file start14.cif (mmCIF, C-alpha atoms)
data_input
loop_
_atom_site.label_atom_id
_atom_site.label_comp_id
_atom_site.auth_asym_id
_atom_site.auth_seq_id
_atom_site.Cartn_x
_atom_site.Cartn_y
_atom_site.Cartn_z
CA MET A 1 233.39 302.40 267.30
CA SER A 2 234.95 302.54 270.76
CA MET A 3 237.07 299.61 271.96
CA LEU A 4 238.45 298.59 275.33
CA LEU A 5 241.77 300.16 276.18
CA LYS A 6 244.55 297.59 276.21
CA GLN A 7 247.03 299.04 278.68
CA ARG A 8 246.33 296.46 281.40
CA PRO A 9 244.55 293.10 281.60
CA VAL A 10 241.10 293.13 283.22
CA HIS A 11 239.67 290.18 285.17
CA VAL A 12 236.22 289.42 286.58
CA ILE A 13 236.90 288.11 290.07
CA GLY A 14 233.45 288.15 291.68
CA ILE A 15 229.81 287.86 290.54
CA GLY A 16 226.49 288.03 292.36
CA MET A 17 222.79 287.97 291.53
CA HIS A 18 219.38 288.63 292.97
CA ALA A 19 216.93 286.40 291.11
CA TYR A 20 214.88 288.17 288.45
CA GLN A 21 211.22 288.19 289.46
CA PHE A 22 207.84 289.75 288.80
CA PRO A 23 207.29 293.11 290.55
CA THR A 24 207.12 292.98 294.34
CA GLU A 25 207.22 295.48 297.21
CA THR A 26 210.90 294.62 297.84
CA PRO A 27 212.95 297.85 297.86
CA TYR A 28 215.53 298.12 295.08
CA VAL A 29 218.20 298.59 297.76
CA GLU A 30 217.58 295.05 299.00
CA LEU A 31 217.71 293.66 295.46
CA GLY A 32 220.94 295.44 294.62
CA LEU A 33 222.78 294.77 297.87
CA THR A 34 221.96 291.06 297.64
CA ALA A 35 223.89 290.94 294.37
CA VAL A 36 226.74 293.16 295.58
CA ARG A 37 227.29 291.21 298.80
CA GLU A 38 227.34 287.95 296.87
CA ALA A 39 229.89 289.38 294.44
CA LEU A 40 232.11 290.57 297.30
CA HIS A 41 231.92 287.13 298.92
CA ASP A 42 232.63 285.43 295.60
CA ALA A 43 235.66 287.65 295.04
CA GLY A 44 236.94 287.23 298.59
CA ILE A 45 237.24 290.97 299.28
CA GLY A 46 235.65 293.47 301.62
CA TRP A 47 233.61 296.53 300.68
CA PRO A 48 236.38 299.02 301.64
CA GLN A 49 238.62 297.51 298.96
CA VAL A 50 236.24 298.58 296.16
CA GLN A 51 237.52 301.85 294.70
CA SER A 52 234.65 302.83 292.43
CA ALA A 53 231.20 301.65 291.39
CA PHE A 54 229.15 302.00 288.21
CA VAL A 55 225.44 301.45 288.72
CA GLY A 56 223.32 300.55 285.68
CA THR A 57 219.63 301.34 285.99
CA ALA A 58 216.89 302.50 283.63
CA ALA A 59 213.85 303.07 285.85
CA LEU A 60 214.85 304.10 289.38
CA GLY A 61 215.51 307.84 289.15
CA MET A 62 218.37 310.02 290.32
CA ALA A 63 221.17 308.97 292.68
CA ALA A 64 220.08 305.34 292.98
CA GLY A 65 223.67 304.13 293.34
CA ARG A 66 224.77 306.25 296.27
CA VAL A 67 221.45 305.76 298.08
CA MET A 68 221.93 301.98 297.81
CA LEU A 69 225.66 301.63 298.40
CA ARG A 70 225.85 303.81 301.51
CA HIS A 71 224.23 300.91 303.38
CA LEU A 72 227.50 299.01 302.92
CA GLY A 73 229.45 301.88 304.47
CA SER A 74 230.48 305.36 303.38
CA THR A 75 234.01 304.72 302.14
CA GLY A 76 234.39 307.73 299.83
CA LEU A 77 234.49 305.65 296.65
CA GLU A 78 233.55 307.08 293.28
CA VAL A 79 229.94 306.29 292.30
CA ALA A 80 228.45 306.91 288.86
CA GLN A 81 224.97 306.06 287.62
CA VAL A 82 224.59 304.76 284.06
CA GLU A 83 221.41 304.77 281.96
CA ASN A 84 221.55 303.26 278.47
CA ALA A 85 218.15 301.57 278.15
CA SER A 86 218.43 297.77 277.98
CA ALA A 87 222.22 298.15 277.74
CA SER A 88 222.51 300.08 281.04
CA GLY A 89 224.17 297.19 282.90
CA SER A 90 226.37 296.33 279.92
CA THR A 91 227.57 299.93 279.81
CA ALA A 92 228.24 299.99 283.54
CA PHE A 93 230.37 296.85 283.14
CA ARG A 94 232.24 298.36 280.21
CA LEU A 95 233.04 301.53 282.16
CA ALA A 96 234.28 299.45 285.08
CA CYS A 97 236.58 297.55 282.72
CA LEU A 98 237.86 300.77 281.18
CA GLN A 99 238.84 302.15 284.57
CA VAL A 100 240.88 299.06 285.37
CA ALA A 101 242.40 298.85 281.88
CA SER A 102 243.48 302.49 282.00
CA GLY A 103 245.18 302.10 285.38
CA GLU A 104 242.94 304.63 287.11
CA ARG A 105 241.48 302.02 289.48
CA ASP A 106 242.35 298.46 290.52
CA VAL A 107 239.07 297.16 292.00
CA VAL A 108 235.80 298.31 290.44
CA LEU A 109 232.18 297.22 290.90
CA ALA A 110 229.58 297.10 288.13
CA VAL A 111 226.07 296.54 289.39
CA GLY A 112 222.74 296.60 287.58
CA VAL A 113 219.49 296.97 289.49
CA ASP A 114 215.92 297.92 288.59
CA LYS A 115 212.33 297.88 289.67
CA PHE A 116 209.59 297.87 287.04
CA GLY A 117 209.32 301.69 286.84
CA ASP A 118 207.09 303.72 284.58
CA GLY A 119 208.85 302.92 281.30
CA ARG A 120 208.82 306.52 280.03
CA ARG A 121 211.19 306.97 277.09
CA ALA A 122 212.86 310.05 275.63
CA VAL A 123 211.60 309.18 272.14
CA LEU A 124 208.13 310.16 273.36
CA LYS A 125 209.44 313.64 274.25
CA ASP A 126 211.49 314.51 271.16
CA GLY A 127 208.93 316.96 269.80
CA LEU A 128 208.30 314.96 266.63
CA PRO A 129 204.86 313.46 265.96
CA PRO A 130 205.09 309.63 265.62
CA LEU A 131 204.24 307.97 262.33
CA SER A 132 201.66 305.90 264.18
CA PRO A 133 200.69 305.24 267.82
CA THR A 134 202.89 302.10 267.76
CA ALA A 135 205.81 303.46 265.72
CA ASN A 136 208.16 303.46 268.70
CA VAL A 137 206.99 300.26 270.39
CA PRO A 138 209.73 297.58 270.19
CA LEU A 139 207.21 294.71 270.28
CA VAL A 140 205.52 296.00 267.13
CA LYS A 141 208.83 296.54 265.32
CA PHE A 142 209.97 293.00 266.00
CA ALA A 143 206.59 291.53 265.11
CA LEU A 144 206.88 293.28 261.75
CA LEU A 145 210.46 292.04 261.37
CA ALA A 146 209.33 288.48 262.12
CA ARG A 147 206.61 288.73 259.49
CA ARG A 148 209.13 290.07 256.97
CA CYS A 149 211.50 287.16 257.66
CA MET A 150 208.68 284.66 257.29
CA ARG A 151 207.78 286.17 253.94
CA GLU A 152 211.30 286.61 252.55
CA ARG A 153 213.19 283.72 254.16
CA GLY A 154 210.53 281.08 254.59
CA LEU A 155 210.69 281.04 258.39
CA ARG A 156 207.78 279.21 259.99
CA LEU A 157 205.86 279.90 263.20
CA GLU A 158 207.50 276.76 264.60
CA ASP A 159 210.98 278.18 263.92
CA LEU A 160 210.22 281.24 266.04
CA ALA A 161 208.61 279.17 268.77
CA GLN A 162 211.57 276.80 269.06
CA VAL A 163 213.70 279.70 270.34
CA ALA A 164 211.30 280.06 273.26
CA VAL A 165 211.21 276.29 273.85
CA LYS A 166 215.01 276.22 274.16
CA ASN A 167 215.29 279.31 276.33
CA HIS A 168 212.44 278.44 278.69
CA GLY A 169 214.10 275.02 279.05
CA ASN A 170 217.42 276.67 279.96
CA ALA A 171 215.73 279.08 282.37
CA ALA A 172 214.06 276.16 284.14
CA LEU A 173 217.59 275.08 285.16
CA ASN A 174 218.60 278.57 286.35
CA PRO A 175 217.80 279.50 289.97
CA PHE A 176 218.06 283.20 289.10
CA ALA A 177 215.52 283.11 286.24
CA GLN A 178 212.12 284.75 286.30
CA PHE A 179 210.49 281.86 284.40
CA ARG A 180 211.51 278.42 285.65
CA LYS A 181 209.15 276.14 283.74
CA PRO A 182 210.07 274.18 280.62
CA ARG A 183 207.63 274.79 277.78
CA THR A 184 206.67 272.56 274.88
CA LEU A 185 206.33 273.72 271.29
CA ASP A 186 202.55 273.36 271.54
CA GLN A 187 202.46 275.48 274.71
CA VAL A 188 204.51 278.25 273.11
CA LEU A 189 202.37 278.30 269.98
CA ALA A 190 199.13 278.19 271.99
CA SER A 191 200.00 281.09 274.27
CA PRO A 192 198.15 284.32 273.45
CA ARG A 193 199.37 286.32 270.48
CA ILE A 194 200.77 289.66 271.62
CA ALA A 195 201.59 291.26 268.27
CA GLY A 196 201.59 289.70 264.82
CA ASP A 197 202.85 286.12 265.10
CA LEU A 198 204.68 286.62 268.41
CA THR A 199 202.98 284.80 271.26
CA GLY A 200 203.36 285.67 274.94
CA LEU A 201 205.93 282.95 275.61
CA GLN A 202 208.09 284.33 272.78
CA CYS A 203 208.36 287.74 274.46
CA CYS A 204 210.52 288.64 277.44
CA PRO A 205 208.94 289.51 280.78
CA ARG A 206 209.72 292.76 282.57
CA GLY A 207 210.23 292.69 286.32
CA GLU A 208 212.95 293.42 288.85
CA GLY A 209 216.26 292.03 290.02
CA ALA A 210 219.97 292.76 290.31
CA ALA A 211 223.35 291.54 289.09
CA ALA A 212 226.88 292.51 290.10
CA ALA A 213 230.42 291.91 288.84
CA ILE A 214 233.75 292.98 290.31
CA VAL A 215 236.65 293.59 287.95
CA VAL A 216 240.27 293.87 289.02
CA SER A 217 243.79 294.31 287.67
CA ASP A 218 246.70 291.88 287.94
CA ASP A 219 248.19 294.22 290.55
CA ALA A 220 245.05 293.95 292.69
CA MET A 221 245.02 290.16 292.44
CA ARG A 222 248.60 290.02 293.69
CA ARG A 223 248.15 292.68 296.37
CA LEU A 224 244.94 291.18 297.76
CA GLY A 225 245.93 287.53 297.34
CA LEU A 226 242.89 286.75 295.19
CA ASP A 227 242.21 283.31 293.72
CA ARG A 228 243.50 283.59 290.15
CA SER A 229 242.11 280.17 289.21
CA ARG A 230 238.55 281.56 289.32
CA ALA A 231 239.32 284.81 287.49
CA VAL A 232 237.86 285.29 284.01
CA ARG A 233 239.68 287.60 281.60
CA VAL A 234 237.86 290.37 279.72
CA LEU A 235 239.51 290.24 276.29
CA SER A 236 237.59 293.10 274.70
CA SER A 237 234.66 295.45 275.03
CA VAL A 238 233.10 297.62 272.32
CA ALA A 239 230.35 300.20 272.21
CA SER A 240 228.59 301.56 269.13
CA SER A 241 225.27 302.84 267.84
CA GLU A 242 223.01 302.25 264.89
CA GLU A 243 223.87 303.29 261.33
CA LEU A 244 221.69 303.49 258.26
CA ALA A 245 221.69 300.10 256.53
CA GLN A 246 220.88 299.41 252.88
CA ASP A 247 220.35 295.67 252.57
CA ALA A 248 219.48 294.45 256.07
CA PRO A 249 217.53 295.67 259.11
CA ALA A 250 219.59 298.32 260.89
CA LEU A 251 219.54 296.44 264.20
CA VAL A 252 220.87 293.28 262.59
CA GLU A 253 223.71 295.28 261.03
CA LEU A 254 224.39 296.89 264.40
CA VAL A 255 224.75 293.45 265.99
CA ARG A 256 226.92 292.21 263.12
CA LYS A 257 229.36 295.12 263.21
CA SER A 258 229.64 295.38 266.99
CA ALA A 259 230.13 291.64 267.48
CA ALA A 260 232.74 291.56 264.72
CA ALA A 261 234.61 294.47 266.31
CA ALA A 262 234.61 292.79 269.73
CA LEU A 263 235.85 289.51 268.28
CA GLU A 264 238.53 291.23 266.21
CA SER A 265 239.72 293.20 269.24
CA ALA A 266 239.92 289.94 271.21
CA SER A 267 241.73 288.17 268.32
CA VAL A 268 239.21 285.32 268.23
CA GLY A 269 236.71 284.04 265.69
CA ALA A 270 232.96 283.66 266.07
CA ARG A 271 233.21 279.89 265.57
CA ASP A 272 235.60 279.74 268.56
CA LEU A 273 232.84 280.89 270.92
CA ASP A 274 231.46 278.36 273.39
CA ILE A 275 228.87 280.64 275.02
CA VAL A 276 226.85 283.54 273.64
CA GLU A 277 224.40 285.59 275.69
CA LEU A 278 222.44 287.93 273.43
CA HIS A 279 219.35 290.13 273.29
CA ASP A 280 216.37 287.86 272.65
CA ALA A 281 213.58 290.07 273.95
CA PHE A 282 211.53 288.55 271.12
CA SER A 283 212.16 285.15 269.55
CA ILE A 284 212.98 286.44 266.06
CA GLU A 285 216.00 288.25 267.49
CA GLU A 286 217.92 285.14 268.51
CA LEU A 287 217.58 283.60 265.06
CA LEU A 288 218.82 286.76 263.33
CA TYR A 289 221.50 287.69 265.85
CA SER A 290 223.00 284.18 265.96
CA GLU A 291 223.70 284.68 262.27
CA ALA A 292 224.87 288.28 262.77
CA VAL A 293 227.32 287.29 265.52
CA GLY A 294 228.66 284.63 263.17
CA VAL A 295 228.17 281.38 265.08
CA CYS A 296 226.27 280.19 262.00
CA ASP A 297 225.94 281.30 258.39
CA GLU A 298 223.45 283.92 257.23
CA GLY A 299 220.06 282.33 256.73
CA GLU A 300 220.97 279.33 258.90
CA GLY A 301 219.72 280.54 262.31
CA ALA A 302 216.63 278.33 262.39
CA ALA A 303 218.48 275.27 261.07
CA TYR A 304 221.31 275.86 263.57
CA LEU A 305 218.78 275.76 266.41
CA ALA A 306 216.86 272.83 264.92
CA ARG A 307 219.91 270.59 264.84
CA GLY A 308 220.73 271.38 268.47
CA ALA A 309 223.85 273.44 267.75
CA SER A 310 222.76 276.36 269.95
CA ARG A 311 221.65 274.20 272.86
CA ILE A 312 223.67 273.50 275.99
CA GLY A 313 226.05 270.74 274.91
CA GLY A 314 225.84 271.78 271.25
CA GLU A 315 228.37 273.68 269.17
CA CYS A 316 227.83 277.02 270.95
CA ALA A 317 225.33 277.44 273.77
CA VAL A 318 223.23 280.50 272.95
CA ASN A 319 221.50 282.02 275.97
CA PRO A 320 222.18 279.14 278.38
CA SER A 321 220.85 281.40 281.16
CA GLY A 322 217.43 281.32 279.50
CA GLY A 323 218.04 284.63 277.78
CA LEU A 324 215.69 287.55 278.13
CA ILE A 325 212.75 285.33 277.17
CA GLY A 326 213.29 282.86 280.00
CA MET A 327 215.56 284.54 282.53
CA GLY A 328 213.76 287.87 282.24
CA HIS A 329 214.68 291.42 281.32
CA PRO A 330 214.60 293.85 284.24
CA LEU A 331 216.65 296.33 282.12
CA GLY A 332 219.37 297.63 284.46
CA PRO A 333 220.66 294.22 285.57
CA THR A 334 220.34 292.40 282.25
CA GLY A 335 223.76 293.11 280.78
CA VAL A 336 225.62 292.39 284.03
CA GLY A 337 223.55 289.23 284.39
CA GLN A 338 224.82 288.10 280.97
CA VAL A 339 228.39 288.58 282.19
CA ALA A 340 227.63 286.65 285.39
CA GLU A 341 226.25 283.73 283.40
CA ILE A 342 229.28 283.62 281.12
CA VAL A 343 231.64 283.76 284.12
CA ARG A 344 229.78 280.83 285.74
CA GLN A 345 229.98 278.86 282.52
CA LEU A 346 233.68 279.55 281.97
CA ARG A 347 234.44 278.62 285.57
CA GLY A 348 232.50 275.37 285.17
CA GLU A 349 230.11 276.41 287.95
CA ALA A 350 226.79 276.60 286.05
CA GLN A 351 225.28 273.64 287.87
CA GLY A 352 222.52 271.89 285.96
CA ARG A 353 223.08 273.87 282.76
CA GLN A 354 226.85 273.64 282.30
CA HIS A 355 228.09 273.74 278.71
CA PRO A 356 230.97 271.23 278.56
CA GLY A 357 234.47 272.66 278.12
CA ALA A 358 233.39 276.30 277.93
CA ARG A 359 236.43 278.57 277.53
CA LEU A 360 235.29 281.58 275.49
CA GLY A 361 232.12 283.67 275.69
CA LEU A 362 230.45 286.71 274.12
CA ALA A 363 227.96 288.94 275.95
CA HIS A 364 226.05 291.11 273.48
CA MET A 365 223.35 293.62 274.35
CA ILE A 366 221.39 296.21 272.44
CA GLY A 367 219.44 299.10 273.90
CA LEU A 368 216.85 301.53 272.62
CA GLY A 369 218.29 304.31 270.58
CA SER A 370 219.74 302.00 269.29
CA VAL A 371 223.07 301.16 270.86
CA ALA A 372 225.15 297.98 271.16
CA ILE A 373 227.63 296.81 273.79
CA ALA A 374 229.69 293.64 273.35
CA HIS A 375 232.22 291.94 275.63
CA VAL A 376 234.42 288.90 274.98
CA LEU A 377 235.47 286.90 278.04
CA ALA A 378 237.91 284.00 278.33
CA ARG A 379 238.77 281.40 280.91
CA GLY A 380 242.30 281.44 282.29
#
call {"tool": "encode", "arguments": {"input": "start14.cif", "output": "structure tokens"}}
result
Amino acid sequence: MSMLLKQRPVHVIGIGMHAYQFPTETPYVELGLTAVREALHDAGIGWPQVQSAFVGTAALGMAAGRVMLRHLGSTGLEVAQVENASASGSTAFRLACLQVASGERDVVLAVGVDKFGDGRRAVLKDGLPPLSPTANVPLVKFALLARRCMRERGLRLEDLAQVAVKNHGNAALNPFAQFRKPRTLDQVLASPRIAGDLTGLQCCPRGEGAAAAIVVSDDAMRRLGLDRSRAVRVLSSVASSEELAQDAPALVELVRKSAAAALESASVGARDLDIVELHDAFSIEELLYSEAVGVCDEGEGAAYLARGASRIGGECAVNPSGGLIGMGHPLGPTGVGQVAEIVRQLRGEAQGRQHPGARLGLAHMIGLGSVAIAHVLARG
């Protein structure tokens, strides 16, 4: 498991977003540059001061980064495009952090941007016949996992639906979210079933959008006179992939191990976390991953939510952005958008959805394959 190099501290100094939305005719360049310009303004720096850029995207095709960024000016900076499925943006952010930590660069941009795209996946081209027409469809896998948890753990339909109620409620307070309507339990349960027991409002929407984050070194903050009071420290970043698991679903074990590694590298405990942004493409995931991250005990995910512990103002706000279910999941931007939400929360700038006293956050993302990327961020 790969961890963030520790030679130099890394700070997020600027964030920017283009709201996630259903597909439009807006060019991806406009989406991405909206987020990048906002991040530059937030950081208080100019484009020529950015030394390299990592562009996370899953559906745009070759050379998307250079085609987009040249509209800000051809400064000769390093540009690399990153594709890692749903974790594309998370990986771009990690690589940006690694460059600063290693001392190779001082000011690095991570930006995620995507349009809807055609959704073609390499697993459909691996030369192996699938076990069934739906064997590689995530929705079906998670519907089966939900049914297994209902059978083995006594989860109810209402337990799954309450995840969506919470996250749609959070998204309604987020100006960057794709869904901005609060939903009642009855509405979630009454929405059309998509697969198994998962209804439409318990599944994330695809669409388009962009998110950007600028990371810098201490040297850059001094040299450029940046506002240290608004900087958020990146304590750790880890990357790993799925292993065979004996007693639990492999994805749950992947989340457990990667989150534990990130927390250990940051020298903090799961119960110290104030904010967690995690992969809730389907409602069952948040219940299982809350346990796997360690903010609650195994088997307690539904009870943790039911008593309000994972709500804004509770013990640890899980997906205060609205998560993938409410905020949306445009793929490339999603992981950077998680970082942007945590930075807003730790700065105390998440107007309307601010978790009181937030000082420590975890951004955790999984991507098809399956891979996991986790970052721990801290205020001050």
call {"tool": "residues_near_point", "arguments": {"input": "start14.cif", "point": "(244.1, 300.3, 289.2)", "cutoff": "9 Å", "atoms": "all atoms listed in the file", "output": "PyMOL selection string"}}
result
chain A and resi 8+51+99-108+216-220
call {"tool": "residues_near_point", "arguments": {"input": "start14.cif", "point": "(205.0, 279.7, 268.3)", "cutoff": "7 Å", "atoms": "only C-alpha atoms", "output": "list of chain:residue names"}}
result
A:Leu157, A:Glu158, A:Leu160, A:Ala161, A:Leu185, A:Val188, A:Leu189, A:Leu198, A:Thr199
call {"tool": "closest_residue", "arguments": {"input": "start14.cif", "among": "A:Pro48, A:Gly308, A:Gly299, A:Pro320", "to": "Val276 in chain A", "atoms": "only C-alpha atoms"}}
result
A:Pro320
call {"tool": "resolve_selection", "arguments": {"input": "start14.cif", "expression": "the PyMOL selection byres ((chain A and resi 345) around 9)", "output": "list in words"}}
result
Ile275, Pro320, Ala340, Glu341, Ile342, Val343, Arg344, Leu346, Arg347, Gly348, Glu349, Ala350, Gln351, Arg353, Gln354, His355, Pro356, Gly357, Ala358, Arg359 and Gly361 of chain A
call {"tool": "closest_residue", "arguments": {"input": "start14.cif", "among": "A:Ala374, A:Met62, A:Ala248, A:Cys203", "to": "Phe282 in chain A", "atoms": "only C-alpha atoms"}}
result
A:Cys203
call {"tool": "resolve_selection", "arguments": {"input": "start14.cif", "expression": "the PyMOL selection byres ((chain A and resi 371) around 9)", "output": "PyMOL selection string"}}
result
chain A and resi 84-85+87+239-242+251+254+365-370+372-373
call {"tool": "closest_atom_pairs", "arguments": {"input": "start14.cif", "of": "range 183-247 of chain A", "to": "range 165-176 of chain A", "cutoff": "9 Å", "atoms": "all atoms listed in the file", "output": "tab-separated table"}}
result
residue	atom	partner	partner_atom	distance
A:Arg183	CA	A:Val165	CA	5.5
A:Thr184	CA	A:Val165	CA	6.0
A:Leu185	CA	A:Val165	CA	6.1
A:Gln187	CA	A:Val165	CA	8.8
A:Val188	CA	A:Val165	CA	7.0
A:Leu201	CA	A:His168	CA	8.5
A:Gln202	CA	A:Val165	CA	8.7
call {"tool": "atom_distance", "arguments": {"input": "start14.cif", "atom1": "CA of Gly89 in chain A", "atom2": "CA of Ala211 in chain A"}}
result
8.4 Å
call {"tool": "closest_residue", "arguments": {"input": "start14.cif", "among": "A:Val295, A:Ala245, A:Ala212, A:Ala43", "to": "Val336 in chain A", "atoms": "all atoms listed in the file"}}
result
A:Ala212
call {"tool": "residues_around", "arguments": {"input": "start14.cif", "residues": "range 256-266 of chain A", "least_positions_apart": "5", "cutoff": "9 Å", "atoms": "only C-alpha atoms", "output": "ChimeraX atom specification"}}
result
/A:1,3-4,234-241,251,289,291-294,362,364,372-377
call {"tool": "closest_residue", "arguments": {"input": "start14.cif", "among": "A:Asp114, A:Glu285, A:Glu78, A:Glu253", "to": "Pro23 in chain A", "atoms": "all atoms listed in the file"}}
result
A:Asp114
call {"tool": "axis_aligned_box", "arguments": {"input": "start14.cif", "around": "range 108-115 of chain A", "padding_each_side": "8 Å", "output": "JSON"}}
result
{"center_x": 224.1, "center_y": 297.4, "center_z": 289.2, "size_x": 39.5, "size_y": 17.8, "size_z": 19.3}
call {"tool": "resolve_selection", "arguments": {"input": "start14.cif", "expression": "the PyMOL selection byres ((chain A and resi 34) around 8)", "output": "number ranges by chain"}}
result
A: 16-18, 30-33, 35-38, 210
call {"tool": "write_last_selection", "arguments": {"input": "start14.cif", "atoms": "C-alpha atoms", "output": "PDB file, in the coordinates of the input"}}
result
ATOM      1  CA  GLY A  16     226.490 288.030 292.360  1.00  0.00           C
ATOM      2  CA  MET A  17     222.790 287.970 291.530  1.00  0.00           C
ATOM      3  CA  HIS A  18     219.380 288.630 292.970  1.00  0.00           C
ATOM      4  CA  GLU A  30     217.580 295.050 299.000  1.00  0.00           C
ATOM      5  CA  LEU A  31     217.710 293.660 295.460  1.00  0.00           C
ATOM      6  CA  GLY A  32     220.940 295.440 294.620  1.00  0.00           C
ATOM      7  CA  LEU A  33     222.780 294.770 297.870  1.00  0.00           C
ATOM      8  CA  ALA A  35     223.890 290.940 294.370  1.00  0.00           C
ATOM      9  CA  VAL A  36     226.740 293.160 295.580  1.00  0.00           C
ATOM     10  CA  ARG A  37     227.290 291.210 298.800  1.00  0.00           C
ATOM     11  CA  GLU A  38     227.340 287.950 296.870  1.00  0.00           C
ATOM     12  CA  ALA A 210     219.970 292.760 290.310  1.00  0.00           C
TER      13      ALA A 210
END
call {"tool": "closest_residue", "arguments": {"input": "start14.cif", "among": "A:Leu128, A:Leu287, A:Ala19, A:Leu109", "to": "Ser310 in chain A", "atoms": "all atoms listed in the file"}}
result
A:Leu287
call {"tool": "atom_distance", "arguments": {"input": "start14.cif", "atom1": "CA of Ala80 in chain A", "atom2": "CA of Thr334 in chain A"}}
result
17.9 Å
call {"tool": "closest_residue", "arguments": {"input": "start14.cif", "among": "A:Arg70, A:His11, A:Arg94, A:Lys141", "to": "Ala250 in chain A", "atoms": "all atoms listed in the file"}}
result
A:Lys141
call {"tool": "atom_distance", "arguments": {"input": "start14.cif", "atom1": "CA of Gly323 in chain A", "atom2": "CA of Asp247 in chain A"}}
result
27.6 Å
call {"tool": "residues_around", "arguments": {"input": "start14.cif", "residues": "Arg228 in chain A", "least_positions_apart": "4", "cutoff": "9 Å", "atoms": "all atoms listed in the file", "output": "NGL selection string"}}
result
:A and (13 or 221-222 or 232 or 380)
